[in-house]
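So the structure is just underneath, and the comments pick up after that.
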Amino acid sequence: MIRTKRHKIFYAKKESAVSEVIGSVMLITIVVIAVSIVGVVLWSQPPSAKIPALSAGIVSQSCNVIVSHNGGDMLEQQAFKILVDGTDETANFTKNGNPVWTSWGIGDTLTYTSTPCPPIPQNVQIIYTGGNGALVLSSGYFGTQLSGNATTTPTPTPTPTPAPAPTVSGITPSSAISGTIVSITNLAGTNFVNGATVNLTRAGYSDISGSGVGFVSSTQLTCTFNLAGAAPGQWNVVVTNPDFQSGTGSNLFTVSPTLAPTVSTITPNTGNRGWPVTITNLAGNNFVSGAIVKLVNNTAGPDVAAYNVFVVSPTMITCNFNLLGVNQGIWNVTVQNPSSDPGTLKNGFTVNSLAPTITGNSVPPTGNPGQLVTITNLPGTNYQPGALVDYYQGGTRINLTNVNVVSTTQMSGTLQIPANAPTGAYNIMVTNTDGKSGTRTSAFTVPMVTGITPNTYVSGWTVSITNLAGNKFKDGATVKLVNASAGPDITATNVVVVSANQITCTFDLTGAPAARRNVTVTNPDGETGTLSNGFTITSNAPTLTVRAPTNSNRGWPVGVTLTGTGFQPSPAVRLTRSGYSDVYAYGVTAGSPTQITCTFDLNGVTSGAWNILVTNVDGQSSGTMTFTVNAPTPTFTSNTPATGVHGTTVPITIVGTGFQPGATVTYTRAPTTISFTVVSVTATQITGNLVIPPGATLGLYGVTITNTDGTTVTSANRFTVT
């Protein structure tokens, strides 16, 4: 039987430990670091802060690294790093199983699981960073890991060995021009560790640090150097591992002098005066970081220096020019590297300065006297920042204020319309800062008439206008609906000028054809305002939406109310049914374009489903809605009186339902039938006279009621002859 024991580390006392391995690969390495300050000073100047004391145990067990604090000072998390194979994995350690921790003290155990695994972690370093430098407080290098089957033989504790220092043997490329950015594809050497830093060094000059250092393998690194301002000559290449051991390749990299640039093309090669322009590709050669780009034309004005200059590569620059205040003309494009002559693209860039044009009406296109109107957009082209805008009519000129030239095609602002501003159409003029201008006629209106309620009605009716809205209305104003092609003007009656902003009136639309009409208001002084196409006279086919009731009994008149649209005065209303004559309503009254009342006489009308149809005087008809004519079987409830003497005439009232005009009544007791003379009939009552013959059989008689459509009811033993 194989027995196993847990791996233990003892530092404070001399005790023996036995480690037994069972199952899969398990590697245990124990490193004991003496209590007190044992760290190795890695920076050139010793730290001024107190160096902590630490007694730590480091175990590399399978894929796990276990670090225990066995004595010394408590360490704050931000004051030290734990490097695993050169990579700072401090944040990935858990303390006593908790992933969130801030300090490490005596008795605490830090655990890290390497991913991927294998390879099994081999180099662990605890580095103190809380002072003015960096100290290795504890480390362990385990070399090649062991594997094998579990045995009862204790595994000896390996002795940690220091990691070897890196060496530098070559660099590709090995040279670049000062001021450029160079990507190093192969920095060759040995013993490189992930997290290493790379520098170019030269006596008397500041180091040039490599950026984006990539760890390819222990023999290859990649990085990028920015050679802006780098002095020409040979530079050393220095690689420093995370444990601060370094290797140097002397004079391996050469910085060449900056060459004068050349400029071949610029994209775009034009821009509008007053606006920034983004140059997406200034092409040429020998561009280096720190290059200065300008537009130069001594006769057109001062040089225009580019901003946001970015040297993408030795053959490409991107930048911006602000053309505010820059004069129209053709300009040279110059690029000057630090400590070199400039390169020039003659006549490479054109500054345009075209006259503005207004391509659409003001938005909004109207405003009332005394109103502050926010103009959200005046569309056009070739607008320049600082442009002036005037709205004018005759001698009246209204300046647009708070002008915001959003782009070459859009501007906005505010327009304060004077209270006494003339009504009517206004022109708009835009003037750029170079004096060039553009005008659009009738692009804005100060209306005298702004709205009308209601704004539509059906031909043939008289309509009351409850609010003709506008400005500067005066007593005695006349109001008209005008459309020369639709017929004579319709002059309003009952005109009341409620205020300078409201008129009420009436229009008689009898005989007026369907059309849109202008609404005009003319003051006594002749000032006229027009609301174009402000009112619509309709003459559409009527529509039916509701009929009430939806059915009635045959034989009797029924009043019907119809609801819909487009009804004209004096319409015809009828019931239609295939194979039968139409039944025309009488007493038809169109109270409004939306309601009709009428009556149908259903006497003699065949029962069943009929259609209701409305036809206006102009011949247009509605769609149909169904109306049901019922023919219920009559019912008998009572007759009064219920007895009579033979040889007499008895007046009788019969009560029931479903009676129709023309109904007949008989009283029968075999073999005698007594006739009944009907005097009057309603749907629920029949009155008449029963003439009882002298020889009539005495006793109970039954009554039979028969409607004109043949429906009948018989009730036995309803009348007694005595």
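Letters A, B, ... go to the chains of the structure tokens in the order shown; residues in each chain start at 1; ligands are counted from 1 in the same order.
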
Q: Might you pull out every residue within 9 Å of segment 86-98 of chain A, with only C-alpha atoms counted and same-chain residues fewer than 4 positions away left off, and present them as a list in words?
A: Val65, Ile66, Gln77, Phe80, Lys81, Ile82, Ser103, Trp104, Asp108, Thr109, Leu110, Thr111, Tyr112, Thr113, Asn123, Val124, Gln125, Val193, Asn194, Gly195, Ala196, Asn241, Pro242 and Asp243 of chain A

Selection from above, C-alpha atoms, as a compact mmCIF listing (two decimals), in the first residue's frame, can you write it?
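Saved file result_35.txt follows:
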# COMPACT_ATOMS: atom_id res chain seq x y z
CA VAL A 65 2.34 28.62 -7.93
CA ILE A 66 1.87 28.90 -4.15
CA GLN A 77 -0.57 44.80 -2.83
CA PHE A 80 5.13 44.59 -4.72
CA LYS A 81 4.89 42.42 -7.82
CA ILE A 82 4.95 38.67 -8.34
CA SER A 103 -2.38 43.23 1.58
CA TRP A 104 -0.24 40.14 2.33
CA ASP A 108 -1.43 34.37 4.25
CA THR A 109 -1.08 32.12 1.21
CA LEU A 110 -1.19 33.46 -2.37
CA THR A 111 -2.11 31.01 -5.14
CA TYR A 112 -1.91 31.36 -8.95
CA THR A 113 -2.94 28.85 -11.63
CA ASN A 123 10.75 31.30 -12.67
CA VAL A 124 8.98 33.13 -9.78
CA GLN A 125 10.13 36.48 -8.37
CA VAL A 193 11.58 36.99 -21.17
CA ASN A 194 8.01 38.14 -21.76
CA GLY A 195 7.75 41.68 -20.35
CA ALA A 196 11.25 42.72 -21.41
CA ASN A 241 14.18 41.54 -18.60
CA PRO A 242 11.58 42.02 -15.85
CA ASP A 243 14.17 40.85 -13.27

Q | Near-Ala469 of chain A list (9 Å; only C-alpha atoms; drop same-chain fewer than 3 positions) as an MDAnalysis selection string | A | chainID A and resid 448:453 500:503

Q.
Residues within 7 Å of Asn399 of chain A, please, as a list of chain:residue names. Count only C-alpha atoms; anything in the same chain fewer than 5 positions from it doesn't count.
A.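 The residues satisfying every condition are A:Val389, A:Asp390, A:Tyr391, A:Leu415.
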
Serialized selection, N, CA and C atoms, as a PDB file, in the first residue's frame:
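In the end it all went to again34.pdb:
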ATOM      1  N   VAL A 389     -27.125  88.186 -43.548  1.00  0.00           N
ATOM      2  CA  VAL A 389     -28.380  87.811 -44.193  1.00  0.00           C
ATOM      3  C   VAL A 389     -29.404  88.913 -43.965  1.00  0.00           C
ATOM      4  N   ASP A 390     -30.044  89.365 -45.060  1.00  0.00           N
ATOM      5  CA  ASP A 390     -31.086  90.395 -44.995  1.00  0.00           C
ATOM      6  C   ASP A 390     -32.367  89.873 -45.605  1.00  0.00           C
ATOM      7  N   TYR A 391     -33.510  90.087 -44.907  1.00  0.00           N
ATOM      8  CA  TYR A 391     -34.844  89.869 -45.448  1.00  0.00           C
ATOM      9  C   TYR A 391     -35.393  91.254 -45.794  1.00  0.00           C
ATOM     10  N   LEU A 415     -35.012  85.991 -36.479  1.00  0.00           N
ATOM     11  CA  LEU A 415     -35.538  87.120 -37.243  1.00  0.00           C
ATOM     12  C   LEU A 415     -36.595  87.809 -36.392  1.00  0.00           C
TER      13      LEU A 415
END

Q: Check segment 116-241 of chain A with DSSP on the backbone and list each residue it calls strand (DSSP E), as a ChimeraX atom specification.
A: /A:123-128,135-141,167-172,175-177,181-190,197-202,205-209,211-217,220-226,233-240

Q.
Would you compute the distance between atom CA of Asp341 of chain A and atom CA of Pro261 of chain A? Give it in Å to one decimal.
A. 7.6 Å

Q: Would you mind telling me which residue in A:Asn251, A:Ser178, A:Asn377, A:Thr366 lies nearest to Pro314 of chain A when using only C-alpha atoms?
A: A:Ser178

**Q.** Interatomic distance, atom CA of Ser407 of chain A to atom CA of Ala355 of chain A (Å, one decimal)
**A.** 14.6 Å

(Q) Between atom CA of Pro365 of chain A and atom CA of Thr445 of chain A, what is the distance in Å, rounded to a tenth? (A)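 That distance, rounded to one decimal, is 6.3 Å.
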
Q) Closest to Thr697 of chain A among A:Gln245, A:Thr431, A:Ser675, A:Thr720, using only C-alpha atoms? A)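 Of A:Gln245, A:Thr431, A:Ser675, A:Thr720, the one nearest Thr697 of chain A is A:Thr720, counting only C-alpha atoms.
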
Q) Could you name the residues that touch segment 588-599 of chain A at 9 Å or less, counting only C-alpha atoms, but leaving out those on the same chain fewer than 2 positions away, as a PyMOL selection string? A) chain A and resi 457-458+461+542-544+557-573+584-586+601

Q: Give me the residues within 8 Å of segment 276-284 of chain A as a VMD selection string, counting only C-alpha atoms and dropping any in the same chain fewer than 2 places off.
A: chain A and resid 261 to 268 271 to 272 274 286 to 287 314 to 324

Please dump the current selection as a PDB file, in the first residue's frame; keep N, CA and C atoms.
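The result, stored in part.pdb:
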ATOM      1  N   PRO A 261      12.424  66.659 -47.897  1.00  0.00           N
ATOM      2  CA  PRO A 261      11.233  65.995 -48.431  1.00  0.00           C
ATOM      3  C   PRO A 261      10.929  66.440 -49.856  1.00  0.00           C
ATOM      4  N   THR A 262      10.141  65.632 -50.551  1.00  0.00           N
ATOM      5  CA  THR A 262       9.568  66.009 -51.841  1.00  0.00           C
ATOM      6  C   THR A 262       8.058  65.854 -51.735  1.00  0.00           C
ATOM      7  N   VAL A 263       7.302  66.705 -52.434  1.00  0.00           N
ATOM      8  CA  VAL A 263       5.840  66.680 -52.397  1.00  0.00           C
ATOM      9  C   VAL A 263       5.335  66.434 -53.814  1.00  0.00           C
ATOM     10  N   SER A 264       4.487  65.393 -53.977  1.00  0.00           N
ATOM     11  CA  SER A 264       4.023  65.047 -55.319  1.00  0.00           C
ATOM     12  C   SER A 264       2.545  65.374 -55.548  1.00  0.00           C
ATOM     13  N   THR A 265       1.657  65.047 -54.598  1.00  0.00           N
ATOM     14  CA  THR A 265       0.223  65.328 -54.760  1.00  0.00           C
ATOM     15  C   THR A 265      -0.389  65.667 -53.409  1.00  0.00           C
ATOM     16  N   ILE A 266      -1.583  66.284 -53.458  1.00  0.00           N
ATOM     17  CA  ILE A 266      -2.345  66.579 -52.248  1.00  0.00           C
ATOM     18  C   ILE A 266      -3.811  66.265 -52.520  1.00  0.00           C
ATOM     19  N   THR A 267      -4.463  65.566 -51.558  1.00  0.00           N
ATOM     20  CA  THR A 267      -5.862  65.162 -51.697  1.00  0.00           C
ATOM     21  C   THR A 267      -6.639  65.541 -50.441  1.00  0.00           C
ATOM     22  N   PRO A 268      -7.712  66.363 -50.596  1.00  0.00           N
ATOM     23  CA  PRO A 268      -8.170  67.033 -51.812  1.00  0.00           C
ATOM     24  C   PRO A 268      -7.242  68.188 -52.166  1.00  0.00           C
ATOM     25  N   GLY A 271     -10.293  73.746 -51.575  1.00  0.00           N
ATOM     26  CA  GLY A 271     -11.083  73.993 -50.373  1.00  0.00           C
ATOM     27  C   GLY A 271     -11.798  75.319 -50.494  1.00  0.00           C
ATOM     28  N   ASN A 272     -12.901  75.468 -49.749  1.00  0.00           N
ATOM     29  CA  ASN A 272     -13.686  76.691 -49.812  1.00  0.00           C
ATOM     30  C   ASN A 272     -13.208  77.688 -48.777  1.00  0.00           C
ATOM     31  N   GLY A 274     -12.934  80.178 -45.915  1.00  0.00           N
ATOM     32  CA  GLY A 274     -13.674  80.291 -44.674  1.00  0.00           C
ATOM     33  C   GLY A 274     -13.872  78.998 -43.926  1.00  0.00           C
ATOM     34  N   ASN A 286      10.365  61.056 -47.979  1.00  0.00           N
ATOM     35  CA  ASN A 286      11.269  61.547 -46.933  1.00  0.00           C
ATOM     36  C   ASN A 286      10.553  62.356 -45.861  1.00  0.00           C
ATOM     37  N   PHE A 287       9.266  62.118 -45.653  1.00  0.00           N
ATOM     38  CA  PHE A 287       8.565  62.804 -44.568  1.00  0.00           C
ATOM     39  C   PHE A 287       8.990  62.189 -43.242  1.00  0.00           C
ATOM     40  N   PRO A 314       6.875  57.691 -44.335  1.00  0.00           N
ATOM     41  CA  PRO A 314       7.767  58.597 -45.072  1.00  0.00           C
ATOM     42  C   PRO A 314       7.175  59.105 -46.376  1.00  0.00           C
ATOM     43  N   THR A 315       6.072  58.514 -46.835  1.00  0.00           N
ATOM     44  CA  THR A 315       5.487  58.937 -48.117  1.00  0.00           C
ATOM     45  C   THR A 315       4.088  59.525 -47.964  1.00  0.00           C
ATOM     46  N   MET A 316       3.595  59.705 -46.728  1.00  0.00           N
ATOM     47  CA  MET A 316       2.215  60.171 -46.556  1.00  0.00           C
ATOM     48  C   MET A 316       2.062  61.000 -45.289  1.00  0.00           C
ATOM     49  N   ILE A 317       1.355  62.135 -45.431  1.00  0.00           N
ATOM     50  CA  ILE A 317       1.015  63.015 -44.312  1.00  0.00           C
ATOM     51  C   ILE A 317      -0.482  63.303 -44.375  1.00  0.00           C
ATOM     52  N   THR A 318      -1.138  63.352 -43.216  1.00  0.00           N
ATOM     53  CA  THR A 318      -2.501  63.878 -43.122  1.00  0.00           C
ATOM     54  C   THR A 318      -2.452  65.133 -42.264  1.00  0.00           C
ATOM     55  N   CYS A 319      -3.358  66.087 -42.543  1.00  0.00           N
ATOM     56  CA  CYS A 319      -3.350  67.342 -41.808  1.00  0.00           C
ATOM     57  C   CYS A 319      -4.643  68.103 -42.080  1.00  0.00           C
ATOM     58  N   ASN A 320      -4.775  69.277 -41.491  1.00  0.00           N
ATOM     59  CA  ASN A 320      -5.930  70.152 -41.704  1.00  0.00           C
ATOM     60  C   ASN A 320      -5.453  71.570 -41.973  1.00  0.00           C
ATOM     61  N   PHE A 321      -6.208  72.286 -42.827  1.00  0.00           N
ATOM     62  CA  PHE A 321      -6.000  73.720 -43.038  1.00  0.00           C
ATOM     63  C   PHE A 321      -7.284  74.451 -42.662  1.00  0.00           C
ATOM     64  N   ASN A 322      -7.155  75.543 -41.948  1.00  0.00           N
ATOM     65  CA  ASN A 322      -8.295  76.407 -41.668  1.00  0.00           C
ATOM     66  C   ASN A 322      -8.254  77.568 -42.653  1.00  0.00           C
ATOM     67  N   LEU A 323      -9.243  77.623 -43.563  1.00  0.00           N
ATOM     68  CA  LEU A 323      -9.237  78.623 -44.633  1.00  0.00           C
ATOM     69  C   LEU A 323     -10.047  79.854 -44.275  1.00  0.00           C
ATOM     70  N   LEU A 324     -10.333  80.051 -42.969  1.00  0.00           N
ATOM     71  CA  LEU A 324     -11.036  81.246 -42.538  1.00  0.00           C
ATOM     72  C   LEU A 324     -10.175  82.475 -42.817  1.00  0.00           C
TER      73      LEU A 324
END

Q) Using only C-alpha atoms, which of A:Val521, A:Ala56, A:Val309, A:Val405 sits nearest Lys294 of chain A? A)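 Smallest distance to Lys294 of chain A is found for A:Val309.
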
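Using only C-alpha atoms, the shortest contact distance between Val614 of chain A and any of A:Thr576, A:Thr657, A:Thr510, A:Ser68 is found at A:Thr576.
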
Q | Given only C-alpha atoms as the counted atoms, nearest of A:Val446, A:Ala419, A:Ala306, A:Ala642 to Gln393 of chain A | A | A:Val446

(Q) Set the distance at 8 Å and use only C-alpha atoms: which residues neighbour Lys474 of chain A once local chain neighbours fewer than 6 positions away are removed? I'd like the list as a list in words. (A)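 These residues fall inside the cut-off: Val497, Ser499, Ala500, Asn523 and Pro524 of chain A.
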
Using N, CA and C atoms, can you export the residues from the last selection as a compact mmCIF listing (two decimals), in the first residue's frame?
# COMPACT_ATOMS: atom_id res chain seq x y z
N VAL A 497 -65.14 92.00 -37.43
CA VAL A 497 -63.72 92.10 -37.07
C VAL A 497 -63.64 92.05 -35.55
N SER A 499 -61.01 91.34 -33.65
CA SER A 499 -59.80 92.03 -33.22
C SER A 499 -58.89 92.17 -34.43
N ALA A 500 -57.74 92.77 -34.21
CA ALA A 500 -56.78 92.90 -35.30
C ALA A 500 -56.28 91.55 -35.78
N ASN A 523 -58.54 95.42 -46.18
CA ASN A 523 -58.90 96.49 -45.26
C ASN A 523 -59.45 97.69 -46.02
N PRO A 524 -60.16 98.58 -45.34
CA PRO A 524 -60.70 99.77 -46.03
C PRO A 524 -59.62 100.62 -46.70

Q: List the neighbours of Val681 of chain A out to 12 Å using only C-alpha atoms; skip same-chain residues closer than 3 positions along the sequence, and give me the result as a ChimeraX atom specification.
A: /A:555-556,653-665,677-678,684-688,705,707

Selection export as a PDB file, in the first residue's frame, atoms kept: C-alpha atoms:
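Written output follows (out.pdb):
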ATOM      1  CA  GLY A 555     -96.552  47.910 -43.465  1.00  0.00           C
ATOM      2  CA  TRP A 556     -95.739  50.913 -41.319  1.00  0.00           C
ATOM      3  CA  THR A 653    -110.689  46.266 -29.499  1.00  0.00           C
ATOM      4  CA  ILE A 654    -108.104  43.561 -30.253  1.00  0.00           C
ATOM      5  CA  VAL A 655    -104.620  43.814 -28.680  1.00  0.00           C
ATOM      6  CA  GLY A 656    -101.529  41.974 -29.941  1.00  0.00           C
ATOM      7  CA  THR A 657     -98.375  42.491 -32.077  1.00  0.00           C
ATOM      8  CA  GLY A 658     -97.279  42.355 -35.699  1.00  0.00           C
ATOM      9  CA  PHE A 659    -100.530  43.733 -37.146  1.00  0.00           C
ATOM     10  CA  GLN A 660    -100.308  45.227 -40.646  1.00  0.00           C
ATOM     11  CA  PRO A 661    -102.579  47.740 -42.398  1.00  0.00           C
ATOM     12  CA  GLY A 662    -105.357  45.847 -44.242  1.00  0.00           C
ATOM     13  CA  ALA A 663    -105.376  43.001 -41.770  1.00  0.00           C
ATOM     14  CA  THR A 664    -108.701  41.025 -41.589  1.00  0.00           C
ATOM     15  CA  VAL A 665    -110.399  39.485 -38.556  1.00  0.00           C
ATOM     16  CA  THR A 677    -115.581  45.063 -39.792  1.00  0.00           C
ATOM     17  CA  VAL A 678    -112.119  46.656 -39.251  1.00  0.00           C
ATOM     18  CA  THR A 684    -100.425  46.472 -31.722  1.00  0.00           C
ATOM     19  CA  GLN A 685    -104.170  47.166 -31.914  1.00  0.00           C
ATOM     20  CA  ILE A 686    -107.149  46.551 -34.188  1.00  0.00           C
ATOM     21  CA  THR A 687    -110.563  48.187 -33.595  1.00  0.00           C
ATOM     22  CA  GLY A 688    -113.820  47.326 -35.345  1.00  0.00           C
ATOM     23  CA  ILE A 705    -106.208  37.628 -37.704  1.00  0.00           C
ATOM     24  CA  ASN A 707    -102.117  40.190 -42.465  1.00  0.00           C
TER      25      ASN A 707
END

(Q) Given only C-alpha atoms as the basis, pick out the residue of A:Pro257, A:Gly247, A:Gly189, A:Pro173 nearest to Ala231 of chain A. (A) A:Pro257
